[in-house]
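Peer 1: Please read through the structure below; I'll follow up with questions.
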Amino acid sequence: MRAKLKVRPGEGEPFEVEVANTATIGRGRENLVSLSASPHVSRQHAIIRCHNAFQYQIMDLGSRNGTFVNGRRVITPVTLNHGALIRITTNEIVFEQIEEQPVEGGYDVTLAAGTDVDHDESATVAIMVCDIRGFSTMSELLPEDAIARTLGEWFREAANSVQDSGGIIDKFIGDAILAYWIQEDNKGKEAMNALATGQALLAKSATRAWPLLPGESAKKPLNIAVALHHGSVTCGNIGIVAQRDATIIGDAVNTVFRIEGVMKPLGQKLAASDDFVQMLPPNMRGFNDLGEHQLKGKNQLVRLFGLKP
């Protein structure tokens, strides 16, 4: 389904916009929802993205004054239900989903839910999960506004890195990002791009820190973990960014999350499966062999590799 935003600005006349895949909200005129008359709105304040071809999430982009849905501040991405009230400073936005009208022969598959198996597509992809370590602990120690700004700024920077390398953000899950790169004619390029992005995110996170905690003299670093895998996935309209970016599903997706789950006891900031490493050119396979591991839900052992010190 498509969606509609009914905007009631703090200053100016109300207006409406339709949302397909993505809607940006901010003071800059380049945003789909431009709140240019509101000086306390950030230039890039928030973003609404479609998942599963019918589910919309809103994410704050590290704004100073926050984004609120039904009176609660957005910290991690929030799923929007029909009628949800979004407030950004003195501006109010009502989210509405639009029922699609059937066309001759059924629904238009570019607008319908995209879960009909007749229209699902398969692809071979490099997959990345990037997760913030210690997020739950910090969310208990820091004020909501500090958590929201830190997380929003990080999500914005991480998403830009993924998209600049040709990757696709599948979804934000709490404090984690699931992204993928589609294998095309140049086999292996997708793995190279995913690895380069994972390493870039590690470098970026090394320059970031959480806000100073009360009673402490030094800020805690923003630590992340990056898990990489390669395999086949199924997804309706996969990679058609201009239309719907239905979520990827399959064993490969489950595997990359399982890899991320065993990284902490292994003491790794980046771990890749053997399937992923084998897709890289020989000169990029300089990893530490972490051995075979029994991942939850998998019968066969999976060999993992980590970055050398």
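Going through the structure tokens in order, the chains are called A, B, and so on, while each chain numbers its residues from 1 and the ligands are numbered from 1 in the order shown.
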Env of region 13-26 of chain A: 7 Å cut, atoms = only C-alpha atoms, seq-sep filter 2 positions within chain, self excluded. Answer as an NGL selection string.

Peer 2: :A and (2-9 or 28 or 31-35 or 41-50 or 242-244)

Peer 1: Would you give me, as a PDB file with C-alpha atoms, in the first residue's frame, the residues in region 52-256 of chain A that DSSP reads as helix (DSSP H, G or I)?

Peer 2:
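Contents of out_21.pdb, as written:
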ATOM      1  CA  VAL A 117       5.090 -16.317  -4.601  1.00  0.00           C
ATOM      2  CA  ASP A 118       4.313 -15.851  -8.288  1.00  0.00           C
ATOM      3  CA  HIS A 119       6.038 -12.477  -8.128  1.00  0.00           C
ATOM      4  CA  PHE A 135      23.148  -0.408  23.359  1.00  0.00           C
ATOM      5  CA  SER A 136      20.750  -1.797  25.980  1.00  0.00           C
ATOM      6  CA  THR A 137      23.086  -0.808  28.810  1.00  0.00           C
ATOM      7  CA  MET A 138      23.622   2.713  27.491  1.00  0.00           C
ATOM      8  CA  SER A 139      19.886   3.207  26.905  1.00  0.00           C
ATOM      9  CA  GLU A 140      19.356   2.607  30.635  1.00  0.00           C
ATOM     10  CA  LEU A 141      22.098   5.039  31.679  1.00  0.00           C
ATOM     11  CA  GLU A 144      16.252   9.538  25.944  1.00  0.00           C
ATOM     12  CA  ASP A 145      17.274  12.605  23.973  1.00  0.00           C
ATOM     13  CA  ALA A 146      20.964  11.641  24.155  1.00  0.00           C
ATOM     14  CA  ILE A 147      20.226   8.086  23.008  1.00  0.00           C
ATOM     15  CA  ALA A 148      17.969   9.293  20.189  1.00  0.00           C
ATOM     16  CA  ARG A 149      20.514  11.787  18.860  1.00  0.00           C
ATOM     17  CA  THR A 150      23.426   9.353  19.038  1.00  0.00           C
ATOM     18  CA  LEU A 151      21.510   6.541  17.362  1.00  0.00           C
ATOM     19  CA  GLY A 152      19.954   8.798  14.718  1.00  0.00           C
ATOM     20  CA  GLU A 153      23.280  10.336  13.721  1.00  0.00           C
ATOM     21  CA  TRP A 154      24.871   6.890  13.494  1.00  0.00           C
ATOM     22  CA  PHE A 155      22.033   5.421  11.418  1.00  0.00           C
ATOM     23  CA  ARG A 156      22.220   8.342   8.992  1.00  0.00           C
ATOM     24  CA  GLU A 157      25.987   7.986   8.524  1.00  0.00           C
ATOM     25  CA  ALA A 158      25.857   4.186   8.257  1.00  0.00           C
ATOM     26  CA  ALA A 159      22.983   4.253   5.767  1.00  0.00           C
ATOM     27  CA  ASN A 160      24.839   6.744   3.577  1.00  0.00           C
ATOM     28  CA  SER A 161      27.889   4.454   3.548  1.00  0.00           C
ATOM     29  CA  VAL A 162      25.784   1.464   2.492  1.00  0.00           C
ATOM     30  CA  GLN A 163      23.982   3.341  -0.253  1.00  0.00           C
ATOM     31  CA  ASP A 164      27.138   5.053  -1.549  1.00  0.00           C
ATOM     32  CA  LYS A 189      32.136  -7.194  -6.559  1.00  0.00           C
ATOM     33  CA  GLU A 190      29.157  -7.362  -4.214  1.00  0.00           C
ATOM     34  CA  ALA A 191      31.293  -9.062  -1.547  1.00  0.00           C
ATOM     35  CA  MET A 192      34.106  -6.543  -2.035  1.00  0.00           C
ATOM     36  CA  ASN A 193      31.658  -3.659  -1.598  1.00  0.00           C
ATOM     37  CA  ALA A 194      30.100  -5.227   1.486  1.00  0.00           C
ATOM     38  CA  LEU A 195      33.507  -5.817   3.089  1.00  0.00           C
ATOM     39  CA  ALA A 196      34.688  -2.300   2.275  1.00  0.00           C
ATOM     40  CA  THR A 197      31.501  -0.888   3.802  1.00  0.00           C
ATOM     41  CA  GLY A 198      31.857  -2.992   6.936  1.00  0.00           C
ATOM     42  CA  GLN A 199      35.451  -1.827   7.380  1.00  0.00           C
ATOM     43  CA  ALA A 200      34.418   1.782   6.736  1.00  0.00           C
ATOM     44  CA  LEU A 201      31.727   1.529   9.415  1.00  0.00           C
ATOM     45  CA  LEU A 202      34.263   0.178  11.897  1.00  0.00           C
ATOM     46  CA  ALA A 203      36.534   3.131  11.119  1.00  0.00           C
ATOM     47  CA  LYS A 204      33.665   5.605  11.475  1.00  0.00           C
ATOM     48  CA  SER A 205      32.514   4.114  14.775  1.00  0.00           C
ATOM     49  CA  ASP A 251      18.429 -19.220   5.174  1.00  0.00           C
ATOM     50  CA  ALA A 252      21.189 -16.775   4.225  1.00  0.00           C
ATOM     51  CA  VAL A 253      19.461 -14.028   6.233  1.00  0.00           C
ATOM     52  CA  ASN A 254      19.079 -16.299   9.256  1.00  0.00           C
ATOM     53  CA  THR A 255      22.746 -17.298   8.975  1.00  0.00           C
ATOM     54  CA  VAL A 256      24.122 -13.745   9.022  1.00  0.00           C
TER      55      VAL A 256
END

Peer 1: Which polymer residues have any atom within 7 Å of an atom of region 220-236 of chain A, counting only C-alpha atoms, with same-chain residues fewer than 6 positions away left out, as a ChimeraX atom specification?

Peer 2: /A:114-115,119-133,198,202,205-206,208-210,246-250,252,256,259-260,269-273,275-276

Peer 1: Can I get the selection written as a CSV table (one decimal), in the first residue's frame, with C-alpha atoms?

Peer 2:
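Now in result_13.csv:
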chain,number,residue,atom,x,y,z
A,114,GLY,CA,4.7,-8.2,-2.8
A,115,THR,CA,4.4,-11.5,-1.0
A,119,HIS,CA,6.0,-12.5,-8.1
A,120,ASP,CA,8.9,-13.2,-5.7
A,121,GLU,CA,12.4,-13.1,-7.1
A,122,SER,CA,15.6,-14.8,-6.1
A,123,ALA,CA,19.0,-13.2,-6.0
A,124,THR,CA,22.4,-14.0,-4.8
A,125,VAL,CA,23.6,-11.3,-2.4
A,126,ALA,CA,26.3,-10.3,0.0
A,127,ILE,CA,24.6,-9.6,3.4
A,128,MET,CA,25.7,-7.5,6.3
A,129,VAL,CA,24.3,-7.1,9.8
A,130,CYS,CA,25.8,-4.1,11.7
A,131,ASP,CA,24.9,-4.0,15.4
A,132,ILE,CA,25.8,-1.5,18.2
A,133,ARG,CA,27.4,-3.3,21.2
A,198,GLY,CA,31.9,-3.0,6.9
A,202,LEU,CA,34.3,0.2,11.9
A,205,SER,CA,32.5,4.1,14.8
A,206,ALA,CA,36.1,4.4,16.1
A,208,ARG,CA,32.4,8.2,17.7
A,209,ALA,CA,31.5,8.0,21.4
A,210,TRP,CA,28.4,8.0,23.6
A,246,ALA,CA,10.3,-5.8,0.3
A,247,THR,CA,12.4,-7.5,2.9
A,248,ILE,CA,14.8,-10.3,2.0
A,249,ILE,CA,14.1,-13.7,3.5
A,250,GLY,CA,15.8,-17.1,3.4
A,252,ALA,CA,21.2,-16.8,4.2
A,256,VAL,CA,24.1,-13.7,9.0
A,259,ILE,CA,27.0,-15.2,12.9
A,260,GLU,CA,26.5,-11.8,14.6
A,269,LYS,CA,34.4,-6.7,15.6
A,270,LEU,CA,34.0,-8.2,12.1
A,271,ALA,CA,33.3,-11.8,11.2
A,272,ALA,CA,32.6,-13.4,7.8
A,273,SER,CA,31.4,-16.8,6.7
A,275,ASP,CA,30.8,-18.6,1.8
A,276,PHE,CA,31.5,-14.8,1.9

Peer 1: Looking at only C-alpha atoms, which of A:Leu280, A:Leu307, A:Met263, A:Ile75 is the one that sits closest to Phe172 (chain A)?

Peer 2: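 For Phe172 (chain A), the nearest of the given residues is A:Ile75.
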
Peer 1: Among the residues of region 25-190 of chain A, find those DSSP assigns to strand (DSSP E or B) from the backbone and print them as number ranges by chain.

Peer 2: A: 25-26, 33-34, 46-51, 55-60, 68-69, 72-73, 78-80, 85-88, 91-98, 103, 106, 120-132, 168-173, 176-182
